[in-house]
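> Provided herewith: coords-v5.txt, compact mmCIF, C-alpha atoms.
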```
# COMPACT_ATOMS: atom_id res chain seq x y z
CA MET A 1 187.37 61.39 120.75
CA LYS A 2 187.52 63.01 117.35
CA ILE A 3 187.57 60.50 114.52
CA ASP A 4 189.61 61.85 111.62
CA LYS A 5 191.62 60.72 108.64
CA SER A 6 194.61 59.73 110.76
CA THR A 7 192.62 57.19 112.79
CA ASN A 8 190.18 55.91 110.19
CA ILE A 9 191.51 53.45 107.64
CA HIS A 10 188.35 53.79 105.50
CA ILE A 11 189.41 57.28 104.40
CA LYS A 12 191.73 56.54 101.51
CA ASP A 13 191.66 57.33 97.82
CA ASN A 14 190.27 53.99 96.74
CA LYS A 15 187.60 54.11 94.07
CA SER A 16 187.32 50.36 93.53
CA TYR A 17 184.03 48.65 94.37
CA SER A 18 183.54 46.24 97.25
CA GLY A 19 180.78 43.66 97.52
CA TYR A 20 178.70 45.78 99.89
CA HIS A 21 178.75 48.72 97.45
CA VAL A 22 177.12 46.50 94.82
CA VAL A 23 174.58 44.95 97.20
CA VAL A 24 173.51 48.29 98.68
CA SER A 25 173.12 49.89 95.24
CA LYS A 26 170.91 46.99 94.15
CA LEU A 27 168.76 47.41 97.25
CA VAL A 28 168.36 51.12 96.47
CA ASN A 29 167.26 50.21 92.97
CA LYS A 30 164.80 47.65 94.35
CA TYR A 31 163.15 49.88 96.94
CA THR A 32 163.27 53.35 95.37
CA ASN A 33 160.49 54.49 93.05
CA THR A 34 161.03 56.34 89.79
CA GLU A 35 162.44 59.84 90.34
CA GLY A 36 162.81 59.15 94.06
CA ARG A 37 165.06 61.16 96.38
CA ILE A 38 167.89 59.40 98.20
CA LEU A 39 170.50 60.48 100.72
CA ASP A 40 173.81 58.71 101.28
CA ILE A 41 175.12 59.55 104.78
CA GLY A 42 178.84 58.80 104.97
CA CYS A 43 179.26 58.59 101.19
CA GLY A 44 183.00 57.96 101.32
CA MET A 45 184.65 58.14 97.92
CA GLY A 46 181.29 57.95 96.11
CA ASN A 47 181.30 54.25 95.20
CA VAL A 48 177.65 53.59 96.00
CA VAL A 49 176.52 56.92 94.57
CA GLN A 50 178.14 56.15 91.23
CA LEU A 51 176.68 52.65 91.04
CA ILE A 52 173.21 54.01 91.78
CA ASN A 53 173.54 56.77 89.21
CA ASP A 54 174.77 54.35 86.54
CA GLU A 55 171.74 52.11 87.05
CA ARG A 56 169.11 54.72 87.95
CA PRO A 57 169.87 58.17 86.49
CA ASP A 58 166.26 59.13 87.30
CA ILE A 59 167.00 59.17 91.04
CA ASN A 60 167.82 62.49 92.74
CA ILE A 61 170.91 61.82 94.87
CA SER A 62 172.27 63.76 97.84
CA ALA A 63 175.41 62.76 99.71
CA ALA A 64 176.87 63.78 103.07
CA ASP A 65 180.26 63.15 104.66
CA PRO A 66 182.54 64.73 107.29
CA TYR A 67 185.54 64.87 104.95
CA ASN A 68 186.08 67.25 102.04
CA ASN A 69 188.15 64.79 100.01
CA CYS A 70 185.22 62.34 100.08
CA LEU A 71 182.74 64.97 98.92
CA ILE A 72 185.09 66.13 96.16
CA SER A 73 185.58 62.55 94.96
CA THR A 74 181.84 61.84 95.03
CA LYS A 75 181.06 65.01 93.09
CA SER A 76 183.73 64.17 90.50
CA ARG A 77 182.11 60.78 89.90
CA VAL A 78 178.51 62.03 89.74
CA ASN A 79 178.36 65.73 88.92
CA SER A 80 174.61 65.97 89.53
CA VAL A 81 174.84 64.89 93.19
CA THR A 82 174.09 67.46 95.91
CA THR A 83 176.74 67.27 98.64
CA TYR A 84 176.63 68.27 102.31
CA LYS A 85 179.46 68.46 104.83
CA ILE A 86 178.66 67.24 108.34
CA GLU A 87 180.81 67.61 111.45
CA PRO A 88 183.17 64.66 112.16
CA ASP A 89 182.75 64.79 115.93
CA LYS A 90 178.96 64.95 116.13
CA PHE A 91 175.96 63.67 114.21
CA ASP A 92 173.72 66.57 113.30
CA ILE A 93 171.76 65.76 110.14
CA GLU A 94 168.75 68.05 110.43
CA VAL A 95 170.53 70.40 107.99
CA LEU A 96 170.24 67.69 105.33
CA GLY A 97 166.53 68.36 104.83
CA GLY A 98 163.95 65.60 104.76
CA ASN A 99 161.23 63.85 102.82
CA TYR A 100 163.67 61.33 101.33
CA ASP A 101 162.45 58.09 99.76
CA THR A 102 165.60 56.18 100.69
CA ILE A 103 168.51 56.87 103.03
CA ILE A 104 171.76 54.91 103.01
CA MET A 105 174.20 54.54 105.87
CA CYS A 106 176.82 52.23 104.40
CA HIS A 107 179.70 51.36 106.77
CA SER A 108 179.14 54.54 108.74
CA LEU A 109 176.96 53.55 111.73
CA GLU A 110 179.87 51.82 113.47
CA HIS A 111 181.63 55.21 113.66
CA MET A 112 178.75 56.90 115.52
CA ARG A 113 178.96 57.65 119.24
CA CYS A 114 175.26 56.85 119.65
CA PRO A 115 174.19 54.47 116.86
CA ALA A 116 170.64 54.08 118.16
CA ASP A 117 170.14 57.85 118.06
CA ALA A 118 171.73 58.01 114.60
CA VAL A 119 169.24 55.47 113.26
CA GLU A 120 166.34 57.40 114.78
CA GLN A 121 167.54 60.68 113.28
CA ALA A 122 167.92 59.09 109.85
CA LEU A 123 164.40 57.64 110.02
CA ASN A 124 163.08 61.11 110.84
CA LEU A 125 164.32 62.36 107.45
CA LEU A 126 162.35 59.73 105.52
CA LYS A 127 158.91 59.98 103.97
CA PRO A 128 156.28 57.71 105.56
CA GLY A 129 156.96 54.29 104.11
CA GLY A 130 160.51 55.30 103.12
CA LYS A 131 163.43 52.90 103.48
CA LEU A 132 166.61 53.13 105.51
CA ILE A 133 169.37 50.85 104.21
CA LEU A 134 172.06 50.09 106.77
CA ALA A 135 175.31 48.21 106.22
CA VAL A 136 177.90 47.58 108.93
CA PRO A 137 181.09 45.50 108.92
CA ASN A 138 180.85 42.04 110.41
CA PRO A 139 183.49 41.50 113.14
CA VAL A 140 183.49 37.71 112.73
CA ARG A 141 184.41 37.71 109.06
CA PRO A 142 187.42 35.57 108.08
CA GLN A 143 189.82 38.53 107.65
CA VAL A 144 189.33 39.62 111.26
CA ILE A 145 189.59 36.11 112.66
CA ILE A 146 192.79 35.42 110.71
CA GLY A 147 194.13 38.92 111.29
CA ASN A 148 193.89 38.49 115.06
CA LEU A 149 196.28 35.56 114.82
CA PHE A 150 199.04 37.80 113.53
CA LYS A 151 198.26 41.28 114.85
CA LYS A 152 197.15 42.46 118.27
CA ASN A 153 193.80 44.30 118.25
CA TYR A 154 193.11 43.78 114.55
CA VAL A 155 190.38 46.38 114.18
CA ASN A 156 189.66 49.65 112.39
CA LYS A 157 190.72 52.36 114.84
CA GLY A 158 187.75 54.51 113.88
CA HIS A 159 185.15 51.89 114.83
CA LEU A 160 183.28 52.47 118.07
CA TYR A 161 180.84 49.54 117.76
CA ALA A 162 180.55 46.19 116.01
CA TRP A 163 177.72 43.71 115.50
CA ASP A 164 177.87 40.09 114.45
CA ARG A 165 174.77 38.92 112.61
CA SER A 166 172.90 37.76 115.71
CA HIS A 167 173.57 40.97 117.63
CA TRP A 168 172.72 42.99 114.52
CA ILE A 169 169.27 41.42 114.30
CA ASN A 170 168.78 41.82 118.04
CA PHE A 171 169.85 45.49 117.90
CA LEU A 172 167.41 46.34 115.12
CA GLU A 173 164.40 44.22 116.08
CA GLU A 174 164.52 43.80 119.86
CA ILE A 175 166.32 46.94 121.04
CA LEU A 176 165.04 49.47 118.49
CA SER A 177 161.80 47.63 117.51
CA LEU A 178 162.27 48.51 113.85
CA ASN A 179 160.31 47.18 110.88
CA VAL A 180 163.02 45.27 109.02
CA VAL A 181 161.75 44.21 105.60
CA GLU A 182 164.92 42.49 104.39
CA TYR A 183 168.31 41.30 105.59
CA ALA A 184 171.10 40.96 103.05
CA SER A 185 174.77 40.01 102.93
CA ASP A 186 177.67 40.58 100.59
CA MET A 187 180.79 38.46 100.17
CA VAL A 188 182.62 35.98 102.32
CA TYR A 189 186.19 36.97 101.46
CA VAL A 190 188.27 33.80 101.39
CA PHE A 191 190.66 34.21 98.45
CA GLY A 192 192.54 37.30 99.59
CA PRO A 193 195.27 38.45 97.16
CA LEU A 194 194.23 35.87 94.56
CA ARG A 195 191.44 38.26 93.55
CA GLY A 196 194.19 40.51 92.18
CA PHE A 197 194.71 38.17 89.23
CA LYS A 198 192.51 39.49 86.41
CA LEU A 199 191.82 36.05 84.94
CA LEU A 200 190.51 34.79 88.29
CA LYS A 201 188.87 37.93 89.67
CA ASN A 202 185.32 37.54 88.32
CA THR A 203 185.13 33.81 89.04
CA LEU A 204 186.44 34.16 92.59
CA GLU A 205 184.23 37.13 93.43
CA SER A 206 181.17 35.34 92.07
CA PHE A 207 181.96 32.36 94.29
CA GLU A 208 182.46 34.62 97.32
CA MET A 209 179.09 36.29 96.69
CA ARG A 210 177.43 32.87 96.62
CA LEU A 211 179.18 32.02 99.87
CA GLY A 212 177.70 35.19 101.35
CA LYS A 213 174.19 33.96 100.61
CA MET A 214 174.92 30.50 102.04
CA LEU A 215 176.93 31.69 105.07
CA PRO A 216 175.72 35.21 105.91
CA TRP A 217 177.16 34.90 109.45
CA TYR A 218 180.65 35.24 107.91
CA SER A 219 180.01 37.81 105.19
CA PHE A 220 181.98 41.05 105.16
CA SER A 221 178.88 43.13 105.99
CA ASN A 222 175.60 42.86 107.84
CA ILE A 223 172.95 44.68 105.80
CA ALA A 224 169.32 45.54 106.56
CA VAL A 225 166.45 47.41 104.91
CA ILE A 226 164.16 49.18 107.38
CA LYS A 227 160.74 50.64 106.57
CA LYS A 228 159.64 53.79 108.33
```
Would you put the structure from the file into structure tokens?

Amino acid sequence: MKIDKSTNIHIKDNKSYSGYHVVVSKLVNKYTNTEGRILDIGCGMGNVVQLINDERPDINISAADPYNNCLISTKSRVNSVTTYKIEPDKFDIEVLGGNYDTIIMCHSLEHMRCPADAVEQALNLLKPGGKLILAVPNPVRPQVIIGNLFKKNYVNKGHLYAWDRSHWINFLEEILSLNVVEYASDMVYVFGPLRGFKLLKNTLESFEMRLGKMLPWYSFSNIAVIKK
């Protein structure tokens, strides 16, 4: 199966930030040394890249994605980023070089045919002691649970795999035997369209972020930092 723009609802011209963009960018800032090299695999519209660059202009950023519109958008947001196009129907990242301090795979692993192999390949591009930051959507978040009440098979058509928090931890620690140094979460989205009201937006999002820390099993994303 070839996963393309017609079957993948992530590929849309949306430059607004989600909770996981903010959390992942903060983790990059936390774990990446001054003038470090990072690679964002599956950069999308460049949300995370821009947040990182705004906070840490000292970091050398590369970004890779299967879709030209994503690479163009990312480059328009951060002109200094080095972009790479990868094939949409296979995961061949050796062409992206190596010796990175930090690699990000933010809501991209669930699209991979062989996620275990994808993680291994990404780790191979890191320096010894480098960090791989993974974020995947949580299938038991409130939107999915509620969505299934009204729509048959409420799921992103481009997703091949999904992990709830328990299976995520099991996948990383027991199946792959990885050195996970931190688990993180983003928001528990409970207010839906109410976040569209400007006067309420910041207050509601702040509350949803706090809910994510208290109830990570229901957050939008499962996030992990892995040390090579």
> Could you tell me which of A:Ile93, A:Ala118, A:Met45, A:Ile223 comes closest to A:Met187 if we count only C-alpha atoms?
A:Ile223
> A:Asn60, A:Asn170, A:Ser206, A:Asn99: which is nearest A:Val78, counting all atoms listed in the file?
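The answer is A:Asn60, which sits nearest to A:Val78.
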> Counting only C-alpha atoms, which of A:Ile104, A:Asn68, A:Ser219, A:Gly196 gets nearest to A:Pro139?
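Selected residue with least distance to A:Pro139: A:Ser219.
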> Could you give me, as a ChimeraX atom specification, the residues within 8 Å of stretch 79-90 of chain A, counting only C-alpha atoms and dropping anything in the same chain fewer than 3 positions from it?
/A:1-4,60-68,71,74-76,93,96,113
> Measuring between only C-alpha atoms, which one of A:Val144, A:Leu172, A:Ile226, A:Leu160 shows the shortest distance to A:Val188?
A:Val144
> Residues within 10 Å of A:Gly97, please, as a VMD selection string. Count only C-alpha atoms; anything in the same chain fewer than 3 positions from it doesn't count.
chain A and resid 39 93 to 94 100 125 to 126
> Name the closest residue to A:Asp186 among the candidates A:Gly19, A:Gly98, A:Gly147, A:Pro115; distances are taken between atoms, counting all atoms listed in the file.
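The shortest atom-to-atom distance to A:Asp186 comes from A:Gly19.
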> Would you please work out which residue, of A:Val49, A:Leu204, A:Cys106, A:Val22, is nearest to A:Ser73 when using only C-alpha atoms?
A:Val49
> Hey, can you check how far atom CA of A:Val48 sits from atom CA of A:Ala184?
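The value is 15.9 Å.
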> Can you work out the spacing between atom CA of A:Ser177 and atom CA of A:Thr102 in Å, to one decimal?
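Between atom CA of A:Ser177 and atom CA of A:Thr102 the gap works out to 19.2 Å.
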> Report the distance between atom CA of A:Leu199 and atom CA of A:Tyr20 in Å, rounded to one decimal place.
22.1 Å
